[in-house]
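Structure below is upload36.txt: compact mmCIF, C-alpha atoms.
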# COMPACT_ATOMS: atom_id res chain seq x y z
CA MET A 1 0.00 0.00 0.00
CA LYS A 2 1.35 3.43 -0.90
CA LEU A 3 2.15 5.79 1.97
CA LYS A 4 -0.39 8.46 0.91
CA THR A 5 -3.17 5.88 0.78
CA LEU A 6 -2.16 4.54 4.18
CA VAL A 7 -2.12 8.02 5.73
CA PHE A 8 -5.51 8.82 4.18
CA SER A 9 -6.96 5.61 5.63
CA LEU A 10 -5.70 6.41 9.11
CA SER A 11 -7.01 9.97 8.97
CA PHE A 12 -10.40 8.88 7.67
CA PHE A 13 -11.06 6.10 10.15
CA ALA A 14 -9.28 7.50 13.21
CA ALA A 15 -11.66 8.21 16.08
CA PRO A 16 -11.27 11.87 17.09
CA VAL A 17 -9.84 12.64 20.50
CA PHE A 18 -11.38 15.07 22.93
CA ALA A 19 -10.11 18.59 22.45
CA SER A 20 -8.86 18.60 26.03
CA PRO A 21 -5.58 20.23 27.10
CA TRP A 22 -4.04 16.76 27.36
CA VAL A 23 -3.42 13.52 25.56
CA GLU A 24 -5.50 11.38 27.86
CA ALA A 25 -4.72 7.95 29.27
CA ASP A 26 -7.27 6.15 27.10
CA ASP A 27 -5.52 5.18 23.85
CA ALA A 28 -2.49 2.89 23.84
CA TYR A 29 -2.07 3.30 20.07
CA LEU A 30 -1.89 7.11 20.18
CA ARG A 31 0.56 6.77 23.05
CA SER A 32 2.60 4.31 20.98
CA ASN A 33 2.88 6.89 18.17
CA ILE A 34 4.03 9.52 20.66
CA GLN A 35 6.57 7.16 22.23
CA LEU A 36 7.95 6.13 18.83
CA LEU A 37 8.60 9.74 17.84
CA ALA A 38 10.08 10.50 21.26
CA ASP A 39 12.44 7.50 21.07
CA ALA A 40 13.54 8.64 17.63
CA GLY A 41 14.46 12.06 19.04
CA VAL A 42 11.72 13.89 17.12
CA LEU A 43 9.93 14.87 20.35
CA SER A 44 12.14 16.43 23.01
CA ALA A 45 9.80 16.19 26.02
CA PRO A 46 9.33 13.40 28.60
CA VAL A 47 6.25 11.37 27.65
CA ASN A 48 5.90 9.04 30.63
CA SER A 49 3.06 10.76 32.54
CA TYR A 50 -0.57 10.74 31.42
CA PRO A 51 -2.64 12.84 30.95
CA LEU A 52 0.21 14.35 28.88
CA PRO A 53 -0.13 18.09 28.12
CA TRP A 54 -0.33 18.84 24.42
CA ALA A 55 1.82 21.89 25.20
CA LEU A 56 4.81 19.61 25.81
CA ILE A 57 4.82 18.12 22.32
CA ALA A 58 2.80 20.45 20.09
CA ASP A 59 5.69 22.73 19.02
CA ASP A 60 7.89 19.78 18.09
CA ILE A 61 5.08 18.22 16.05
CA LYS A 62 4.53 21.44 14.11
CA LYS A 63 8.26 21.86 13.37
CA ILE A 64 8.61 18.42 11.81
CA LYS A 65 9.15 18.17 8.07
CA PRO A 66 7.64 14.75 7.39
CA THR A 67 9.43 14.26 4.08
CA LYS A 68 12.72 14.22 5.99
CA LEU A 69 11.57 11.50 8.37
CA PRO A 70 12.38 7.83 7.80
CA ARG A 71 9.45 5.98 6.30
CA TYR A 72 8.59 4.08 9.51
CA LEU A 73 8.12 7.42 11.32
CA GLN A 74 5.97 9.15 8.72
CA VAL A 75 2.67 7.38 9.40
CA PRO A 76 2.93 7.86 13.21
CA TYR A 77 3.74 11.52 12.59
CA TYR A 78 0.74 12.10 10.29
CA HIS A 79 -1.54 10.29 12.71
CA LEU A 80 -0.30 12.38 15.65
CA ARG A 81 -0.50 15.63 13.67
CA PHE A 82 -4.08 14.79 12.73
CA GLN A 83 -4.98 14.29 16.40
CA LEU A 84 -3.24 17.54 17.39
CA GLN A 85 -5.20 19.50 14.80
CA ARG A 86 -8.44 18.14 16.24
CA ALA A 87 -7.32 19.05 19.74
CA GLU A 88 -6.68 22.71 18.89
CA GLY A 89 -9.15 25.56 18.71
CA LYS A 90 -12.27 26.66 20.55
CA ARG A 91 -14.78 23.87 19.97
CA PHE A 92 -17.51 21.83 21.55
CA HIS A 93 -17.18 18.06 21.54
CA ALA A 94 -19.42 15.28 22.74
CA ARG A 95 -19.60 11.51 22.92
CA VAL A 96 -21.78 8.60 23.96
CA LYS A 97 -20.63 5.16 25.10
CA ILE A 98 -22.37 1.95 26.07
CA GLY A 99 -20.92 -1.37 27.20
CA GLY A 100 -19.66 -3.45 30.07
CA GLU A 101 -17.49 -6.34 31.26
CA SER A 102 -18.51 -9.65 32.83
CA SER A 103 -16.07 -9.07 35.70
CA GLY A 104 -13.15 -6.85 36.55
CA SER A 105 -9.77 -7.70 35.06
CA GLN A 106 -6.23 -6.37 35.22
CA ALA A 107 -6.03 -3.03 33.45
CA ALA A 108 -3.12 -2.19 31.17
CA PHE A 109 -2.59 1.34 29.87
CA GLY A 110 -5.83 2.67 28.38
CA ASP A 111 -8.02 -0.09 29.84
CA THR A 112 -10.82 0.88 32.21
CA ASN A 113 -12.53 -2.32 33.28
CA HIS A 114 -14.63 -0.68 35.97
CA ALA A 115 -18.26 -1.29 34.98
CA LYS A 116 -20.34 -4.45 34.80
CA TRP A 117 -22.66 -2.52 32.48
CA GLY A 118 -23.50 1.09 31.79
CA ALA A 119 -24.10 4.01 29.46
CA MET A 120 -22.59 7.46 29.55
CA GLY A 121 -22.50 10.72 27.65
CA SER A 122 -20.37 13.85 27.79
CA VAL A 123 -19.96 17.34 26.39
CA GLU A 124 -16.77 19.37 26.40
CA TYR A 125 -15.63 22.89 25.61
CA VAL A 126 -12.02 24.04 25.29
CA SER A 127 -10.60 27.54 24.89
CA ASP A 128 -7.08 28.94 25.14
CA TYR A 129 -7.40 29.61 28.86
CA PHE A 130 -9.91 27.15 30.25
CA ALA A 131 -11.55 23.84 29.46
CA LEU A 132 -14.37 21.82 30.94
CA ARG A 133 -16.06 18.50 30.40
CA ALA A 134 -19.27 17.24 31.93
CA ASN A 135 -19.64 13.45 31.99
CA THR A 136 -22.65 11.64 33.28
CA GLY A 137 -23.43 7.96 33.21
CA PHE A 138 -25.52 5.28 34.87
CA ASN A 139 -23.30 2.28 35.57
CA GLU A 140 -23.15 -0.78 37.76
CA MET A 141 -19.56 -0.97 38.92
CA HIS A 142 -17.97 -4.30 39.81
CA GLY A 143 -18.56 -4.90 43.50
CA ASP A 144 -21.02 -2.01 43.78
CA LYS A 145 -24.62 -1.14 42.98
CA ALA A 146 -25.87 0.72 39.90
CA LYS A 147 -25.61 4.48 40.23
CA PHE A 148 -24.93 7.74 38.42
CA ILE A 149 -21.22 8.57 38.02
CA ASP A 150 -19.21 11.52 36.76
CA ASP A 151 -15.92 9.81 35.85
CA GLY A 152 -13.92 11.84 33.32
CA SER A 153 -15.47 15.18 34.25
CA TYR A 154 -13.12 18.11 34.87
CA PHE A 155 -12.67 21.87 34.90
CA ALA A 156 -9.24 23.26 34.04
CA ILE A 157 -7.66 26.71 33.94
CA ASN A 158 -4.54 27.11 31.82
CA TYR A 159 -2.02 29.95 31.90
CA LYS A 160 1.23 29.65 29.98
CA ALA A 161 3.05 26.60 31.41
CA MET A 162 0.65 26.14 34.35
CA SER A 163 -2.62 24.24 34.57
CA LEU A 164 -5.03 23.86 37.49
CA ASN A 165 -7.74 21.23 37.17
CA VAL A 166 -10.46 19.73 39.31
CA GLY A 167 -12.20 16.48 38.42
CA ARG A 168 -11.96 12.71 37.93
CA LEU A 169 -9.25 12.08 35.32
CA GLU A 170 -7.65 8.75 34.46
CA ARG A 171 -3.91 8.75 35.19
CA TRP A 172 -0.96 6.53 34.32
CA TRP A 173 2.53 7.30 35.63
CA GLY A 174 5.45 5.39 34.13
CA SER A 175 6.95 4.13 30.88
CA SER A 176 5.45 0.66 31.35
CA TRP A 177 2.51 -0.65 29.33
CA GLN A 178 0.93 -3.56 31.22
CA SER A 179 1.65 -2.80 34.88
CA THR A 180 2.57 0.24 36.92
CA LEU A 181 3.72 0.82 40.49
CA SER A 182 2.26 4.29 40.80
CA GLU A 183 -0.87 5.78 39.24
CA GLY A 184 -2.73 3.15 37.20
CA GLN A 185 -6.20 2.31 35.91
CA ASN A 186 -7.36 -0.73 37.86
CA ALA A 187 -9.88 1.39 39.75
CA ARG A 188 -12.13 4.33 38.99
CA PRO A 189 -10.38 7.73 38.73
CA MET A 190 -10.31 9.68 41.98
CA PRO A 191 -11.88 13.11 42.53
CA ALA A 192 -8.81 15.33 42.72
CA ILE A 193 -7.46 18.87 42.63
CA ALA A 194 -4.28 18.96 40.52
CA LEU A 195 -1.67 21.52 39.58
CA SER A 196 0.77 20.86 36.74
CA TYR A 197 3.70 22.62 35.07
CA ALA A 198 4.94 21.83 31.55
CA ASP A 199 7.94 23.54 29.97
CA VAL A 200 10.28 22.56 27.14
CA LYS A 201 12.89 25.28 27.72
CA VAL A 202 14.29 24.69 31.21
CA PRO A 203 18.04 25.18 31.75
CA ILE A 204 20.00 21.95 32.33
CA LEU A 205 16.84 19.82 32.66
CA ASN A 206 15.72 20.75 29.12
CA SER A 207 12.06 19.57 29.16
CA VAL A 208 10.04 19.26 32.37
CA PHE A 209 6.60 18.06 33.38
CA ALA A 210 5.59 18.27 37.05
CA GLU A 211 2.27 17.41 38.64
CA THR A 212 0.87 17.40 42.17
CA PHE A 213 -2.63 16.48 43.25
CA VAL A 214 -4.71 15.88 46.35
CA ALA A 215 -7.48 13.30 46.05
CA ILE A 216 -10.27 11.60 47.91
CA VAL A 217 -9.57 7.86 47.80
CA ASP A 218 -13.01 6.31 47.46
CA GLY A 219 -14.01 2.72 46.80
CA ASN A 220 -12.40 -0.18 48.70
CA SER A 221 -9.00 1.37 49.31
CA ALA A 222 -7.37 1.21 52.71
CA TYR A 223 -6.82 4.95 53.07
CA SER A 224 -9.19 7.89 52.60
CA GLN A 225 -6.87 10.68 51.44
CA LYS A 226 -4.00 10.90 48.96
CA TRP A 227 -1.34 13.40 48.00
CA ALA A 228 0.73 12.43 44.93
CA ASN A 229 3.63 14.25 43.24
CA ARG A 230 5.64 13.54 40.10
CA LEU A 231 8.50 15.19 38.24
CA SER A 232 9.56 14.01 34.77
CA VAL A 233 12.52 15.39 32.81
CA LYS A 234 14.33 14.68 29.56
CA PRO A 235 17.78 16.23 29.99
CA VAL A 236 19.24 14.63 26.86
CA LYS A 237 17.83 13.23 23.66
CA ARG A 238 17.68 9.54 24.61
CA LEU A 239 17.08 9.66 28.36
CA GLU A 240 13.92 10.25 30.42
CA LEU A 241 13.98 10.39 34.22
CA SER A 242 11.17 10.63 36.75
CA VAL A 243 10.65 10.74 40.50
CA ASN A 244 7.41 10.56 42.44
CA TYR A 245 6.26 10.72 46.05
CA THR A 246 2.87 9.66 47.42
CA LEU A 247 1.38 10.09 50.88
CA LEU A 248 -1.77 8.23 51.92
CA TRP A 249 -3.48 8.93 55.23
CA GLU A 250 -6.62 8.32 57.29
CA LEU A 251 -6.45 4.53 57.48
CA LYS A 252 -9.91 2.99 57.48
CA ASP A 253 -10.59 0.98 60.65
CA SER A 254 -11.80 -2.06 58.73
CA TRP A 255 -8.44 -2.31 56.95
CA ALA A 256 -6.14 -1.99 59.95
CA THR A 257 -5.46 -5.73 60.19
CA ARG A 258 -4.54 -5.98 56.50
CA PHE A 259 -1.17 -4.30 57.00
CA ASP A 260 2.05 -5.01 58.83
CA SER A 261 1.24 -2.05 61.08
CA THR A 262 -1.69 0.21 61.81
CA ASP A 263 0.15 3.42 60.90
CA GLU A 264 -2.20 6.23 59.95
CA GLN A 265 0.10 7.20 57.07
CA ARG A 266 1.63 5.31 54.17
CA HIS A 267 4.55 6.68 52.14
CA GLN A 268 5.71 5.70 48.66
CA VAL A 269 8.82 6.95 46.84
CA GLY A 270 9.45 5.97 43.24
CA LEU A 271 12.05 6.41 40.50
CA GLY A 272 11.72 5.76 36.78
CA THR A 273 13.80 5.90 33.63
CA ARG A 274 13.58 5.20 29.91
CA ILE A 275 16.53 4.87 27.57
CA SER A 276 15.86 5.21 23.85
CA LEU A 277 18.18 2.95 21.89
CA PRO A 278 19.42 3.55 18.33
CA ALA A 279 17.05 2.38 15.60
CA VAL A 280 17.55 -1.05 14.10
CA SER A 281 16.32 -1.19 10.51
CA ASP A 282 12.71 0.09 10.68
CA PHE A 283 12.30 -0.50 14.42
CA GLN A 284 12.90 1.83 17.33
CA PRO A 285 13.73 0.05 20.63
CA GLY A 286 13.69 1.33 24.19
CA LEU A 287 14.49 0.12 27.72
CA TYR A 288 12.56 1.25 30.79
CA ALA A 289 12.48 0.66 34.53
CA GLN A 290 10.54 1.70 37.63
CA TRP A 291 11.36 1.21 41.30
CA GLN A 292 9.22 2.01 44.31
CA HIS A 293 9.85 1.97 48.03
CA ASP A 294 6.77 1.55 50.22
CA SER A 295 6.47 2.12 53.95
CA VAL A 296 4.39 -1.08 54.16
CA LYS A 297 7.21 -3.44 55.13
CA SER A 298 6.29 -6.38 52.92
CA LEU A 299 6.07 -4.11 49.84
CA GLN A 300 9.17 -2.04 50.40
CA ASN A 301 11.00 -2.52 47.12
CA SER A 302 8.96 -3.31 44.03
CA PHE A 303 10.22 -2.80 40.50
CA ILE A 304 9.38 -3.09 36.79
CA VAL A 305 11.81 -3.56 33.92
CA GLY A 306 10.88 -3.75 30.27
CA LEU A 307 11.96 -3.70 26.64
CA ASP A 308 9.79 -2.51 23.78
CA PHE A 309 10.30 -1.69 20.12
CA ALA A 310 8.00 -0.25 17.50
CA GLY A 311 8.00 0.09 13.73
CA ASP A 312 6.43 -1.17 10.51
CA ILE A 313 5.77 -4.69 9.29
CA LEU A 314 4.31 -4.71 5.78
CA ASP A 315 3.12 -1.11 6.29
CA GLN A 316 1.27 -2.00 9.50
CA GLN A 317 2.25 -0.38 12.81
CA VAL A 318 3.40 -2.78 15.51
CA ARG A 319 4.82 -2.36 19.02
CA PHE A 320 6.28 -5.40 20.81
CA VAL A 321 6.52 -5.33 24.60
CA ALA A 322 8.29 -7.59 27.13
CA GLU A 323 7.81 -6.51 30.74
CA TYR A 324 8.63 -7.93 34.18
CA LYS A 325 7.08 -6.71 37.43
CA ASN A 326 8.36 -7.81 40.85
CA SER A 327 6.10 -6.97 43.78
CA HIS A 328 6.58 -9.52 46.55
CA LYS A 329 4.55 -12.55 45.59
CA GLY A 330 4.69 -13.91 49.14
CA ASN A 331 2.60 -11.15 50.74
CA GLN A 332 -0.44 -13.19 51.80
CA GLN A 333 -2.24 -10.12 53.17
CA TRP A 334 -2.32 -8.54 49.74
CA ILE A 335 -3.16 -11.85 48.06
CA ASP A 336 -6.23 -12.11 50.26
CA TRP A 337 -7.18 -8.50 49.57
CA LEU A 338 -6.76 -8.81 45.82
CA SER A 339 -8.65 -12.10 45.49
CA SER A 340 -10.95 -10.11 43.22
CA ILE A 341 -9.84 -7.13 41.17
CA ASP A 342 -12.99 -5.20 42.10
CA GLN A 343 -11.53 -4.87 45.61
CA ALA A 344 -8.58 -2.88 44.32
CA GLY A 345 -9.92 0.55 45.19
CA ASN A 346 -7.77 3.47 44.08
CA GLU A 347 -4.38 2.22 45.20
CA SER A 348 -1.59 0.77 43.10
CA VAL A 349 -2.47 -2.86 42.45
CA LEU A 350 0.46 -5.14 43.17
CA THR A 351 -0.68 -8.65 42.32
CA GLY A 352 2.56 -10.55 42.63
CA ASP A 353 5.35 -11.15 40.12
CA THR A 354 4.30 -10.87 36.49
CA ILE A 355 6.00 -11.45 33.15
CA SER A 356 4.06 -9.94 30.23
CA VAL A 357 4.88 -10.49 26.55
CA GLY A 358 2.80 -9.30 23.62
CA ALA A 359 2.16 -6.67 20.96
CA TYR A 360 -0.01 -3.75 19.92
CA MET A 361 -0.98 -3.82 16.22
CA GLN A 362 -2.64 -0.99 14.31
CA PHE A 363 -3.64 -1.80 10.75
CA SER A 364 -3.97 0.54 7.80
CA ASP A 365 -7.81 0.47 7.93
CA ASP A 366 -7.64 1.45 11.64
CA GLN A 367 -8.51 -1.95 13.03
CA LYS A 368 -6.57 -2.42 16.25
CA LEU A 369 -5.50 -5.56 18.08
CA ASP A 370 -3.41 -6.15 21.16
CA LEU A 371 -2.52 -9.60 22.44
CA PHE A 372 -0.57 -10.37 25.62
CA ILE A 373 0.38 -13.47 27.57
CA HIS A 374 1.13 -13.04 31.27
CA HIS A 375 2.78 -15.41 33.72
CA GLU A 376 1.74 -14.40 37.24
CA GLN A 377 2.98 -15.60 40.64
CA MET A 378 1.34 -15.06 44.00
CA ASP A 379 0.65 -18.04 46.24
CA THR A 380 0.60 -20.17 43.07
CA ASP A 381 1.59 -19.75 39.42
CA ALA A 382 -0.96 -18.73 36.82
CA VAL A 383 -1.23 -17.86 33.13
CA ARG A 384 -3.43 -15.07 31.83
CA VAL A 385 -4.13 -14.26 28.17
CA SER A 386 -5.62 -10.87 27.29
CA VAL A 387 -6.95 -9.85 23.86
CA ASN A 388 -8.45 -6.51 22.84
CA TYR A 389 -9.80 -5.84 19.36
CA SER A 390 -11.45 -2.67 18.07
CA VAL A 391 -12.84 -1.68 14.70
CA PRO A 392 -14.72 1.30 13.22
CA ALA A 393 -18.43 0.44 13.27
CA LEU A 394 -21.70 2.38 12.86
CA LYS A 395 -19.76 5.65 12.59
CA GLY A 396 -18.16 4.95 15.97
CA ARG A 397 -15.78 2.39 17.42
CA LEU A 398 -16.63 -1.12 18.59
CA LYS A 399 -14.28 -2.77 21.08
CA LEU A 400 -14.21 -6.41 22.17
CA ALA A 401 -12.12 -7.66 25.10
CA LEU A 402 -11.38 -11.18 26.32
CA ASN A 403 -9.30 -12.40 29.26
CA TYR A 404 -8.62 -16.00 30.21
CA THR A 405 -6.87 -16.97 33.43
CA ASN A 406 -6.32 -20.14 35.45
CA ALA A 407 -5.44 -18.13 38.58
CA SER A 408 -6.87 -19.53 41.81
CA TRP A 409 -7.34 -16.02 43.20
CA GLU A 410 -9.72 -14.93 40.42
CA ASN A 411 -13.47 -15.50 40.75
CA GLU A 412 -13.97 -16.11 37.01
CA GLN A 413 -11.62 -17.78 34.55
CA ILE A 414 -13.09 -16.08 31.48
CA GLN A 415 -13.68 -12.34 31.52
CA ALA A 416 -15.27 -10.68 28.50
CA GLY A 417 -16.28 -7.14 27.60
CA ILE A 418 -17.85 -5.14 24.79
CA SER A 419 -18.34 -1.42 24.21
CA TRP A 420 -19.35 0.96 21.46
CA GLU A 421 -18.38 4.62 21.43
CA TYR A 422 -19.38 7.50 19.19
CA ARG A 423 -17.66 10.88 19.30
CA PHE A 424 -18.89 14.00 17.53
Rewrite the coordinates I just gave you, this time as C-alpha cells.
Amino acid sequence: MKLKTLVFSLSFFAAPVFASPWVEADDAYLRSNIQLLADAGVLSAPVNSYPLPWALIADDIKKIKPTKLPRYLQVPYYHLRFQLQRAEGKRFHARVKIGGESSGSQAAFGDTNHAKWGAMGSVEYVSDYFALRANTGFNEMHGDKAKFIDDGSYFAINYKAMSLNVGRLERWWGSSWQSTLSEGQNARPMPAIALSYADVKVPILNSVFAETFVAIVDGNSAYSQKWANRLSVKPVKRLELSVNYTLLWELKDSWATRFDSTDEQRHQVGLGTRISLPAVSDFQPGLYAQWQHDSVKSLQNSFIVGLDFAGDILDQQVRFVAEYKNSHKGNQQWIDWLSSIDQAGNESVLTGDTISVGAYMQFSDDQKLDLFIHHEQMDTDAVRVSVNYSVPALKGRLKLALNYTNASWENEQIQAGISWEYRF
C-alpha cells in the first residue's frame, strides 16, 4: 500500500480525540505513536506521565518536516499531527458510550474495566485559557450497585506553562505498558485537585513536566486521602527520568489488620527511567524501569523492567513489549485483599510477580489488536491471556475484550467485555 493511501486511511477512520488540554490515558495506540517519535528524538519532552499536556509536544510536532523522516516514522507523525489538529481551537465536543465487562480484570494502559454494564455521555468545551467536560453515566460498577457517576469530568484553567484542574481524570505514571507501580487504571479515577507545570525550555533539565494532586480515595481502598507528586525530565535526547512521592493517610478501621502495622500514614517513593536505543532497521527500541519503596514493610521494594520496540511490518504499525514486574509474591495479606480485582480501590495494584509479553498492532484500515500473555505468581503460578480488538463500526468504534486466566485467586476464569463509542 502506498504511503499516501495509508495516511488517508488512518485519517479517515481514526476516532477523534477530545479537544482537552491533554493527551488522555485512554488510547495505547496514540501513546505508541508519541513514544515512537520520542524515542527517535523527534519529540524532546518526557512522555511518561498521562494525561500528557499537548503543550509539551505540540511545538515539536509542528516543526517536523515529514518528508525528511524515515518511512517508519511518517505514518505515526501524520496520525499524531491529525490528532493535534483536532485538539486545537475553541470547539464543543461530545460523545456517547455503552458497554460493560462480565467481571473486573487487570487493566493495562488505556483499559478501564470498571463497569459491569452502563451508558454514559459527555460534552466538552475548550478555549485557550480554560476547558471543561461534563460526563454523566448510569453504571453498575464491579462490586457495587448501579448508580450515576461523573468519571472523566473536569474543569481546568490554563495559563502559559501552568494548569489547574479539578475532576476525575484517568492517570498513568510510568513508561510501562501492562503494569505500573504508581498511578494506574485498575480502579475508577479519583476526585482530585491537581496543579501541573509543563515547559520545554528549562536550563540543564531541558524539558520538564511536574504534577501534584490531592485526592479523595473512594471505593475499597485502605486509606481515605491521597497526595501524589511527580517530576519528569528529559535532559538529553535519549534519556527520560522521573521521580514521584505519594502520601496516603486516614487509614480505614476495617483495613487496619490488612497491613504489617496500623500506621495512619503510608509513604511511597518511586524512580523511573527510559533509555531510547538507536534504531535497528525500521524499528525503534527502548528500555525502561521503575522502582518504588513503600512504607508497608512487605512491599518495600517493588520494580518493573521492560523492553519494547515499535516500527512497521508490511506497512502496519506494531509495538512489541516484554515486561517484568516484581512486587513480593509472598505477601499473603495482599493476596487475600486482591482475590478479586474489584476490591482494588484506588491504590496501586500489586498482584505478585508478572511477566508480560505481547504486541499492539494498528492496521492501515484502523482496526486495532493487542494480544498479551502473562505469567503471574502469587501463592501459586498462573497464566493469563488478554486480547483486545477494536474496529470502526456504525460511525463509531466497537471494542471487544477477552481475558482468560487459570489463577486460583480470580473468581472467574473467562472475563469478556464489549463497548461501542461514538464521538462528535
Q | Distance criterion (all atoms listed in the file): nearest to A:Arg31 out of A:Ile275, A:Ala156, A:Ala310, A:Ser281 | A | A:Ala310
Q) What's the 6 Å shell around stretch 49-52 of chain A, counting all atoms listed in the file, without same-chain residues fewer than 2 positions away, as a VMD selection string? A) chain A and resid 22 to 25 47 171 to 173
Q: Using all atoms listed in the file, collect all residues at a distance of at most 10 Å from (16.1, 9.9, 18.7) as written in the file, then present them as a list of chain:residue names.
A: A:Leu36, A:Leu37, A:Ala38, A:Asp39, A:Ala40, A:Gly41, A:Val42, A:Leu43, A:Ser44, A:Val236, A:Lys237, A:Arg238, A:Leu239, A:Ser276, A:Leu277, A:Pro278, A:Ala279, A:Gln284
Q) Separation of atom CA of A:Leu169 and atom CA of A:Asp150, in Å? A) 10.1 Å
Per residue of stretch 2-120 of chain A within 9 Å of stretch 175-188 of chain A, what are the shortest atom pair and its distance in Å to one decimal, counting all atoms listed in the file, with rows by chain and residue number, as a Markdown table?
| residue | atom | partner | partner_atom | distance |
| --- | --- | --- | --- | --- |
| A:Ala25 | CA | A:Gln185 | CA | 8.8 |
| A:Ala28 | CA | A:Trp177 | CA | 8.2 |
| A:Val47 | CA | A:Ser175 | CA | 8.0 |
| A:Asn48 | CA | A:Ser175 | CA | 5.0 |
| A:Ser49 | CA | A:Ser175 | CA | 7.9 |
| A:Gly104 | CA | A:Asn186 | CA | 8.5 |
| A:Ser105 | CA | A:Asn186 | CA | 7.9 |
| A:Gln106 | CA | A:Asn186 | CA | 6.3 |
| A:Ala107 | CA | A:Asn186 | CA | 5.1 |
| A:Ala108 | CA | A:Gln178 | CA | 4.3 |
| A:Phe109 | CA | A:Trp177 | CA | 5.5 |
| A:Gly110 | CA | A:Gln185 | CA | 7.5 |
| A:Asp111 | CA | A:Gln185 | CA | 6.8 |
| A:Thr112 | CA | A:Gln185 | CA | 6.1 |
| A:Asn113 | CA | A:Asn186 | CA | 7.1 |
| A:His114 | CA | A:Arg188 | CA | 6.4 |
Q) A:Val243: which residues within 7 Å, counting only C-alpha atoms, same-chain residues fewer than 2 positions away excluded, as a ChimeraX atom specification? A) /A:230-232,270-272
For the selection just defined, write its residues with C-alpha atoms to a file, as a short mmCIF file (atom, residue, chain, number, x, y, z; two decimals), keeping the file's coordinate frame.
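The new file selection25.cif reads:
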data_model
loop_
_atom_site.label_atom_id
_atom_site.label_comp_id
_atom_site.auth_asym_id
_atom_site.auth_seq_id
_atom_site.Cartn_x
_atom_site.Cartn_y
_atom_site.Cartn_z
CA ARG A 230 5.64 13.54 40.10
CA LEU A 231 8.50 15.19 38.24
CA SER A 232 9.56 14.01 34.77
CA GLY A 270 9.45 5.97 43.24
CA LEU A 271 12.05 6.41 40.50
CA GLY A 272 11.72 5.76 36.78
#
Q | Point-to-point distance in Å for atom CA of A:Asp199 and atom CA of A:Gly167 | A |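 Computing the Euclidean distance for atom CA of A:Gly167 and atom CA of A:Asp199 yields 23.0 Å.
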Q | Which of A:Arg133, A:Arg266, A:Lys252, A:Arg384 sits closest to A:Ala228 [using all atoms listed in the file] | A | A:Arg266
Q.
Measuring between all atoms listed in the file, which one of A:Val269, A:Ala134, A:Val166, A:Leu400 shows the shortest distance to A:Gly99?
A. A:Leu400
Q) Which of these residues is nearest to A:Asn206, using only C-alpha atoms: A:Lys234, A:Arg71, A:Lys147, A:Lys368? A) A:Lys234
(Q) Is it possible to get the residues within 12 Å of (7.0, 5.8, 49.9) (coordinates as in the file, counting only C-alpha atoms) written as a ChimeraX atom specification? (A) /A:181-182,227-229,243-248,265-271,291-297,299-302
Could you turn the residues from that selection into a file that holds C-alpha atoms, as a tab-separated table (two decimals), keeping the file's coordinate frame?
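Writing done, so here's again_0.tsv:
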chain	number	residue	atom	x	y	z
A	181	LEU	CA	3.72	0.82	40.49
A	182	SER	CA	2.26	4.29	40.80
A	227	TRP	CA	-1.34	13.40	48.00
A	228	ALA	CA	0.73	12.43	44.93
A	229	ASN	CA	3.63	14.25	43.24
A	243	VAL	CA	10.65	10.74	40.50
A	244	ASN	CA	7.41	10.56	42.44
A	245	TYR	CA	6.26	10.72	46.05
A	246	THR	CA	2.87	9.66	47.42
A	247	LEU	CA	1.38	10.09	50.88
A	248	LEU	CA	-1.77	8.23	51.92
A	265	GLN	CA	0.10	7.20	57.07
A	266	ARG	CA	1.63	5.31	54.17
A	267	HIS	CA	4.55	6.68	52.14
A	268	GLN	CA	5.71	5.70	48.66
A	269	VAL	CA	8.82	6.95	46.84
A	270	GLY	CA	9.45	5.97	43.24
A	271	LEU	CA	12.05	6.41	40.50
A	291	TRP	CA	11.36	1.21	41.30
A	292	GLN	CA	9.22	2.01	44.31
A	293	HIS	CA	9.85	1.97	48.03
A	294	ASP	CA	6.77	1.55	50.22
A	295	SER	CA	6.47	2.12	53.95
A	296	VAL	CA	4.39	-1.08	54.16
A	297	LYS	CA	7.21	-3.44	55.13
A	299	LEU	CA	6.07	-4.11	49.84
A	300	GLN	CA	9.17	-2.04	50.40
A	301	ASN	CA	11.00	-2.52	47.12
A	302	SER	CA	8.96	-3.31	44.03
Q. Which of these, A:Tyr29, A:Glu211, A:Asn158, A:Tyr72, has the shortest distance to A:Asp312 once you count only C-alpha atoms?
A. A:Tyr72
Q: Tell me, in Å to one decimal, how far atom CA of A:Gly152 is from atom CA of A:Trp54.
A: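 Atom-to-atom, atom CA of A:Gly152 and atom CA of A:Trp54 are spaced 17.7 Å apart.
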**Q.** Residue nearest A:Pro76 - candidates A:Ser153, A:Gln362, A:Ser122, A:Ser207, atoms counted: all atoms listed in the file
**A.**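 Closest to A:Pro76, using all atoms listed in the file: A:Gln362.
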Q) Contacts of A:Glu376 at 7 Å or less, counting all atoms listed in the file, minus same-chain residues fewer than 5 places along, as a ChimeraX atom specification? A) /A:352-355,381-383
List as a PDB file with C-alpha atoms, in the frame of the given file the protein and nucleic acid residues near A:Phe130, meaning an atom at most 9 Å away when only C-alpha atoms are counted, but skip any in the same chain fewer than 2 places from it.
ATOM      1  CA  PRO A  21      -5.580  20.230  27.100  1.00  0.00           C
ATOM      2  CA  TYR A 125     -15.630  22.890  25.610  1.00  0.00           C
ATOM      3  CA  VAL A 126     -12.020  24.040  25.290  1.00  0.00           C
ATOM      4  CA  SER A 127     -10.600  27.540  24.890  1.00  0.00           C
ATOM      5  CA  ASP A 128      -7.080  28.940  25.140  1.00  0.00           C
ATOM      6  CA  LEU A 132     -14.370  21.820  30.940  1.00  0.00           C
ATOM      7  CA  PHE A 155     -12.670  21.870  34.900  1.00  0.00           C
ATOM      8  CA  ALA A 156      -9.240  23.260  34.040  1.00  0.00           C
ATOM      9  CA  ILE A 157      -7.660  26.710  33.940  1.00  0.00           C
ATOM     10  CA  ASN A 158      -4.540  27.110  31.820  1.00  0.00           C
ATOM     11  CA  TYR A 159      -2.020  29.950  31.900  1.00  0.00           C
ATOM     12  CA  SER A 163      -2.620  24.240  34.570  1.00  0.00           C
TER      13      SER A 163
END
Q.
List as a list of chain:residue names the protein and nucleic acid residues near A:Ala58, meaning an atom at most 10 Å away when only C-alpha atoms are counted, but skip any in the same chain fewer than 3 places from it.
A. A:Leu43, A:Pro53, A:Trp54, A:Ala55, A:Ile61, A:Lys62, A:Lys63, A:Leu80, A:Arg81, A:Leu84, A:Gln85, A:Glu88
